[in-house]
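Enquirer: Got a structure for you, my_file-v3.tsv, holding TSV, C-alpha atoms.
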```
chain	number	residue	atom	x	y	z
K	1	MET	CA	96.94	274.40	104.09
K	2	MET	CA	100.68	275.00	104.38
K	3	THR	CA	102.47	277.62	106.40
K	4	THR	CA	105.16	279.67	104.65
K	5	ASP	CA	107.83	278.39	107.04
K	6	ALA	CA	109.43	275.15	105.81
K	7	ASN	CA	106.21	274.20	104.03
K	8	LEU	CA	104.75	272.89	107.29
K	9	LEU	CA	101.08	272.09	107.70
K	10	ASP	CA	99.03	274.69	109.55
K	11	ALA	CA	97.66	273.02	112.68
K	12	GLY	CA	94.81	275.49	113.02
K	13	GLU	CA	91.39	273.83	112.75
K	14	ARG	CA	92.77	270.40	111.91
K	15	VAL	CA	91.02	267.56	113.74
K	16	ALA	CA	93.03	265.01	115.71
K	17	MET	CA	92.07	261.96	117.75
K	18	VAL	CA	94.30	260.95	120.68
K	19	SER	CA	93.81	257.71	122.63
K	20	GLY	CA	94.82	257.26	126.26
K	21	ALA	CA	94.79	261.01	126.84
K	22	SER	CA	93.80	261.05	130.50
K	23	ARG	CA	97.37	261.06	131.86
K	24	GLY	CA	101.05	260.71	131.08
K	25	ILE	CA	102.14	260.93	127.45
K	26	GLY	CA	98.59	261.13	126.13
K	27	GLU	CA	97.66	264.06	128.37
K	28	ALA	CA	100.83	265.89	127.36
K	29	ILE	CA	100.08	265.32	123.66
K	30	ALA	CA	96.54	266.59	124.09
K	31	ARG	CA	97.66	269.75	125.86
K	32	ARG	CA	100.29	270.45	123.22
K	33	LEU	CA	97.91	269.94	120.31
K	34	LEU	CA	95.24	272.10	121.93
K	35	GLY	CA	97.81	274.84	122.33
K	36	ASP	CA	98.76	274.49	118.68
K	37	GLY	CA	95.18	275.07	117.55
K	38	TYR	CA	93.87	271.58	116.80
K	39	ARG	CA	90.31	270.54	117.38
K	40	LEU	CA	90.64	267.42	119.50
K	41	SER	CA	88.76	264.24	120.22
K	42	LEU	CA	90.15	262.38	123.21
K	43	GLY	CA	89.44	258.70	123.74
K	44	VAL	CA	89.70	257.65	127.40
K	45	ARG	CA	88.29	255.11	129.82
K	46	ASP	CA	87.29	257.64	132.51
K	47	VAL	CA	85.48	260.46	130.74
K	48	ALA	CA	84.41	262.36	133.87
K	49	ALA	CA	87.91	262.52	135.36
K	50	THR	CA	89.41	263.62	132.06
K	51	ARG	CA	86.84	266.40	131.66
K	52	GLU	CA	88.03	267.84	134.95
K	53	LYS	CA	91.53	268.12	133.46
K	54	PHE	CA	90.31	269.59	130.16
K	55	PRO	CA	87.55	272.15	130.73
K	56	GLU	CA	87.92	273.59	127.22
K	57	ASP	CA	84.99	274.60	125.02
K	58	GLU	CA	83.33	271.55	123.45
K	59	SER	CA	83.44	273.27	120.08
K	60	ARG	CA	87.18	272.57	120.13
K	61	LEU	CA	87.44	269.46	122.28
K	62	ILE	CA	85.30	266.43	122.92
K	63	ILE	CA	86.03	263.57	125.29
K	64	GLU	CA	84.61	260.15	124.49
K	65	ARG	CA	84.80	256.77	126.13
K	66	PHE	CA	87.35	254.48	124.55
K	67	ASP	CA	88.47	251.23	126.12
K	68	ALA	CA	90.98	249.22	124.10
K	69	LEU	CA	89.53	246.03	125.58
K	70	GLU	CA	86.05	246.87	124.26
K	71	PRO	CA	86.06	246.89	120.42
K	72	CYS	CA	82.68	248.61	120.12
K	73	THR	CA	84.07	251.76	121.78
K	74	ALA	CA	86.43	252.29	118.83
K	75	ASP	CA	83.46	252.53	116.46
K	76	SER	CA	81.50	254.85	118.72
K	77	TRP	CA	84.51	257.13	119.32
K	78	VAL	CA	85.28	257.55	115.63
K	79	SER	CA	81.59	258.12	114.85
K	80	SER	CA	81.25	260.76	117.57
K	81	THR	CA	84.36	262.55	116.31
K	82	LEU	CA	83.01	262.74	112.77
K	83	ASP	CA	79.57	263.81	113.99
K	84	GLN	CA	81.11	266.65	116.00
K	85	PHE	CA	83.79	267.90	113.62
K	86	GLY	CA	82.82	266.54	110.22
K	87	ALA	CA	86.35	265.50	109.29
K	88	LEU	CA	89.50	263.83	110.57
K	89	ASP	CA	93.09	264.87	109.88
K	90	ALA	CA	95.20	262.97	112.42
K	91	LEU	CA	95.15	259.94	114.69
K	92	VAL	CA	97.55	259.41	117.59
K	93	ASN	CA	97.47	255.86	118.96
K	94	ASN	CA	98.93	256.39	122.41
K	95	ALA	CA	97.02	254.01	124.72
K	96	GLY	CA	99.22	251.12	125.81
K	97	ILE	CA	100.02	248.80	128.71
K	98	TRP	CA	103.10	246.98	130.02
K	99	LYS	CA	103.11	243.63	131.78
K	100	GLN	CA	106.05	241.37	132.52
K	101	VAL	CA	105.75	238.29	130.34
K	102	ASN	CA	108.87	236.20	129.86
K	103	PHE	CA	109.46	232.51	129.27
K	104	GLY	CA	109.38	231.95	133.03
K	105	SER	CA	106.89	234.57	134.21
K	106	GLY	CA	103.57	236.17	133.34
K	107	SER	CA	100.37	234.57	132.13
K	108	GLU	CA	98.52	233.94	128.89
K	109	GLN	CA	96.01	236.55	130.02
K	110	ASP	CA	98.77	239.14	130.47
K	111	LEU	CA	99.97	238.39	126.95
K	112	ASP	CA	96.44	238.60	125.57
K	113	ASP	CA	95.82	241.92	127.32
K	114	MET	CA	98.94	243.48	125.80
K	115	TRP	CA	98.01	242.17	122.38
K	116	GLU	CA	94.49	243.63	122.69
K	117	VAL	CA	95.61	247.06	123.92
K	118	ASN	CA	98.93	247.56	122.14
K	119	VAL	CA	98.13	245.93	118.80
K	120	LYS	CA	94.48	245.14	118.08
K	121	ALA	CA	93.08	248.44	119.37
K	122	PRO	CA	95.37	250.59	117.16
K	123	PHE	CA	94.57	248.27	114.24
K	124	ARG	CA	90.84	248.84	114.74
K	125	LEU	CA	91.23	252.59	114.97
K	126	ILE	CA	93.44	252.80	111.88
K	127	ARG	CA	90.99	250.68	109.91
K	128	LEU	CA	88.13	252.96	110.94
K	129	ALA	CA	90.02	256.22	110.51
K	130	LEU	CA	91.95	255.57	107.30
K	131	PRO	CA	89.13	256.32	104.82
K	132	HIS	CA	88.59	259.70	106.46
K	133	LEU	CA	92.30	260.50	106.73
K	134	LYS	CA	92.63	259.87	102.99
K	135	LYS	CA	89.99	262.47	102.18
K	136	CYS	CA	91.98	265.47	103.40
K	137	GLY	CA	95.12	264.62	101.41
K	138	THR	CA	97.37	265.29	104.40
K	139	GLY	CA	96.22	262.68	106.91
K	140	ARG	CA	98.62	261.75	109.67
K	141	ILE	CA	98.96	258.76	112.01
K	142	VAL	CA	101.45	258.58	114.87
K	143	ASN	CA	101.66	255.29	116.74
K	144	ILE	CA	103.41	255.53	120.10
K	145	ALA	CA	105.59	252.42	120.06
K	146	SER	CA	108.81	252.05	122.07
K	147	THR	CA	112.50	251.42	121.68
K	148	ASP	CA	111.40	247.90	122.70
K	149	GLY	CA	109.58	247.82	119.37
K	150	ILE	CA	112.78	248.03	117.33
K	151	ARG	CA	115.14	245.78	119.31
K	152	PHE	CA	115.30	243.39	122.26
K	153	ARG	CA	117.52	245.03	124.88
K	154	ASP	CA	118.25	242.26	127.39
K	155	THR	CA	116.64	239.51	129.45
K	156	THR	CA	115.11	241.95	131.96
K	157	CYS	CA	112.70	243.08	129.25
K	158	SER	CA	109.16	241.79	128.89
K	159	ILE	CA	109.11	239.54	125.84
K	160	GLY	CA	105.35	239.98	125.58
K	161	TYR	CA	105.58	243.78	125.59
K	162	THR	CA	108.44	243.72	123.08
K	163	MET	CA	106.45	241.44	120.78
K	164	SER	CA	103.43	243.76	120.92
K	165	LYS	CA	105.45	246.88	120.15
K	166	HIS	CA	107.28	245.15	117.29
K	167	ALA	CA	103.85	244.35	115.89
K	168	LEU	CA	102.79	247.99	116.23
K	169	VAL	CA	105.86	249.11	114.28
K	170	ALA	CA	105.08	246.56	111.56
K	171	MET	CA	101.49	247.80	111.45
K	172	SER	CA	102.73	251.36	111.07
K	173	HIS	CA	104.77	250.39	108.00
K	174	ALA	CA	101.73	248.63	106.54
K	175	ALA	CA	99.47	251.64	107.14
K	176	ARG	CA	102.00	253.84	105.29
K	177	HIS	CA	101.59	251.68	102.21
K	178	PHE	CA	97.81	251.62	102.39
K	179	GLY	CA	97.49	255.41	102.72
K	180	TYR	CA	100.54	256.86	100.98
K	181	ASP	CA	99.01	257.58	97.56
K	182	ASP	CA	96.24	259.54	99.28
K	183	GLY	CA	98.61	261.69	101.33
K	184	VAL	CA	98.47	259.73	104.59
K	185	ARG	CA	101.81	259.63	106.40
K	186	VAL	CA	102.42	257.25	109.30
K	187	THR	CA	105.16	257.26	111.92
K	188	ALA	CA	106.02	254.71	114.59
K	189	LEU	CA	107.43	256.92	117.33
K	190	CYS	CA	109.71	254.83	119.56
K	191	PRO	CA	110.62	256.55	122.84
K	192	GLY	CA	112.73	255.03	125.56
K	193	ALA	CA	111.64	255.34	129.19
K	194	VAL	CA	109.26	258.23	129.76
K	195	ASP	CA	108.64	259.62	133.24
K	196	THR	CA	105.16	258.16	133.77
K	197	GLY	CA	103.69	255.79	136.32
K	198	MET	CA	103.71	252.90	133.85
K	199	VAL	CA	107.50	252.48	133.87
K	200	ASP	CA	108.19	252.81	137.60
K	201	THR	CA	108.27	249.05	138.19
K	202	VAL	CA	109.87	248.03	134.89
K	203	PRO	CA	113.12	246.06	135.49
K	204	GLY	CA	116.24	247.68	134.10
K	205	VAL	CA	114.44	250.93	133.34
K	206	THR	CA	116.36	254.16	132.80
K	207	PRO	CA	116.93	255.99	136.12
K	208	LEU	CA	114.33	258.63	136.95
K	209	ALA	CA	116.58	261.64	136.37
K	210	GLU	CA	117.44	260.44	132.87
K	211	ARG	CA	113.94	259.62	131.61
K	212	LEU	CA	112.17	261.52	128.87
K	213	GLN	CA	109.46	263.94	129.93
K	214	PRO	CA	105.97	263.47	128.46
K	215	ALA	CA	106.09	267.02	127.10
K	216	THR	CA	109.21	266.12	125.11
K	217	VAL	CA	107.37	263.27	123.42
K	218	ALA	CA	104.40	265.57	122.82
K	219	HIS	CA	106.68	268.10	121.11
K	220	VAL	CA	107.93	265.43	118.72
K	221	VAL	CA	104.38	264.27	117.96
K	222	ALA	CA	103.33	267.84	117.20
K	223	THR	CA	106.27	268.21	114.83
K	224	LEU	CA	105.51	264.95	113.01
K	225	LEU	CA	101.89	265.99	112.49
K	226	THR	CA	102.93	269.18	110.70
K	227	LEU	CA	105.59	267.80	108.35
K	228	PRO	CA	104.67	268.08	104.66
K	229	ASN	CA	103.89	265.02	102.57
K	230	ASN	CA	107.39	264.97	101.10
K	231	ALA	CA	108.99	264.62	104.54
K	232	SER	CA	107.72	261.20	105.56
K	233	VAL	CA	109.19	259.72	108.76
K	234	ALA	CA	108.58	255.97	108.92
K	235	TRP	CA	109.90	255.46	112.44
K	236	MET	CA	111.79	257.53	114.97
K	237	PRO	CA	113.63	256.38	118.11
K	238	LEU	CA	114.00	258.75	121.08
K	239	ASN	CA	116.48	256.91	123.25
K	240	THR	CA	117.44	257.78	126.81
K	241	ARG	CA	120.60	255.71	126.78
K	242	LEU	CA	123.50	254.93	124.46
K	243	GLU	CA	123.00	251.73	122.46
K	244	SER	CA	125.01	250.55	119.50
K	245	THR	CA	122.08	250.48	117.08
K	246	LEU	CA	119.75	253.19	118.46
```
Would you mind writing the file out in structure tokens?
Expert:
Amino acid sequence: MMTTDANLLDAGERVAMVSGASRGIGEAIARRLLGDGYRLSLGVRDVAATREKFPEDESRLIIERFDALEPCTADSWVSSTLDQFGALDALVNNAGIWKQVNFGSGSEQDLDDMWEVNVKAPFRLIRLALPHLKKCGTGRIVNIASTDGIRFRDTTCSIGYTMSKHALVAMSHAARHFGYDDGVRVTALCPGAVDTGMVDTVPGVTPLAERLQPATVAHVVATLLTLPNNASVAWMPLNTRLESTL
């Protein structure tokens, strides 16, 4: 259903899944989408703690266990969402981790962990969700990538993290092709430093006062989810600093 204003999709009663919604960007996205009228399924590692933050009626919101390092939880989360709501309109892959892996630092395990969480977990969820997103004709996927996913800034950056986010952007482009004819639109959203606990120890990070707020990212996600099919956004940088190409 479209609204009369700018042909935007009406968020009311649409069903969205959001991973990593217990804090930071994911929590902000969940709160924004709830306010917009979505029915939500949140995938988190700590279900009990997240329920304390979101006491909403279970007819509009469910919270399920999802751990990116445990593949079986992707299947159970998607199944629970469909059992509860009977449909799926949007998927927001937000869960992610950062570890410092350069040519002289970090471990193979650190690299593997980032690959599992930042790449393989979104891949699994897209593969599971895509058939259902195709059914509604206006399915949406937003993958929270990073400005590190569309360039390599300097040698203070984590090569491993940059590699994983580049892969997520590539996956986003692939998902667009696999779903486009059935109305699925996919965006790799690439924010710079966001004011969350994850970036506090990142070398060379944007100073605190200049970082994006999680609610700002959530606002952009909400906008992307309501754009009509003929306004496809493949990728979008939200930079906190001036760079020659971003």
Enquirer: Can you work out which one of K:Lys165, K:Arg65, K:Lys53, K:Arg14 has the shortest atom-to-atom distance to Val119 in chain K, counting all atoms listed in the file?
Expert: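 Closest candidate: K:Lys165.
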Enquirer: Between K:Lys120, K:Arg45, K:Lys99, K:His132, which has the minimum distance to Ser79 in chain K (counting all atoms listed in the file)?
Expert: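 Among the listed residues, K:His132 lies closest to Ser79 in chain K.
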Enquirer: Could you tell me which of K:Val221, K:Leu227, K:Ile159, K:Val78 comes closest to Asp10 in chain K if we count all atoms listed in the file?
Expert: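 Checking each of K:Val221, K:Leu227, K:Ile159, K:Val78 against Asp10 in chain K, counting all atoms listed in the file, the winner is K:Leu227.
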Enquirer: Using only C-alpha atoms - which residues lie no farther than 12 Å from the point (115.2, 243.0, 123.8) in the file's frame? Write them as number ranges by chain.
Expert: K: 102, 146-163, 165-166, 204, 243
Enquirer: So the first atom is CA of Asn118 in chain K and the second is CA of Asp75 in chain K; what is the distance between them in Å, to one decimal place?
Expert: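 Interatomic distance, CA of Asn118 in chain K to CA of Asp75 in chain K: 17.2 Å.
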Enquirer: Which residues are close to Phe85 in chain K, i.e. within 9 Å by all atoms listed in the file, leaving aside same-chain residues fewer than 4 positions away? Reply as a PyMOL selection string.
Expert: chain K and resi 15+39+59-60+80-81
Enquirer: With C-alpha atoms retained, could you export that selection as a compact mmCIF listing (two decimals), keeping the file's coordinate frame?
Expert:
```
# COMPACT_ATOMS: atom_id res chain seq x y z
CA VAL K 15 91.02 267.56 113.74
CA ARG K 39 90.31 270.54 117.38
CA SER K 59 83.44 273.27 120.08
CA ARG K 60 87.18 272.57 120.13
CA SER K 80 81.25 260.76 117.57
CA THR K 81 84.36 262.55 116.31
```
Enquirer: Env of Gly26 in chain K: 10 Å cut, atoms = all atoms listed in the file, seq-sep filter 4 positions within chain, self excluded. Answer as a list in words.
Expert: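 These residues fall inside the cut-off: Val18, Ser19, Gly20, Ala21, Ser22, Ala30, Arg31, Arg32, Leu42, Gly43, Val44, Val92, Asn93, Asn94, Ala95, Ile144, Pro214, Ala215, Val217 and Ala218 of chain K.
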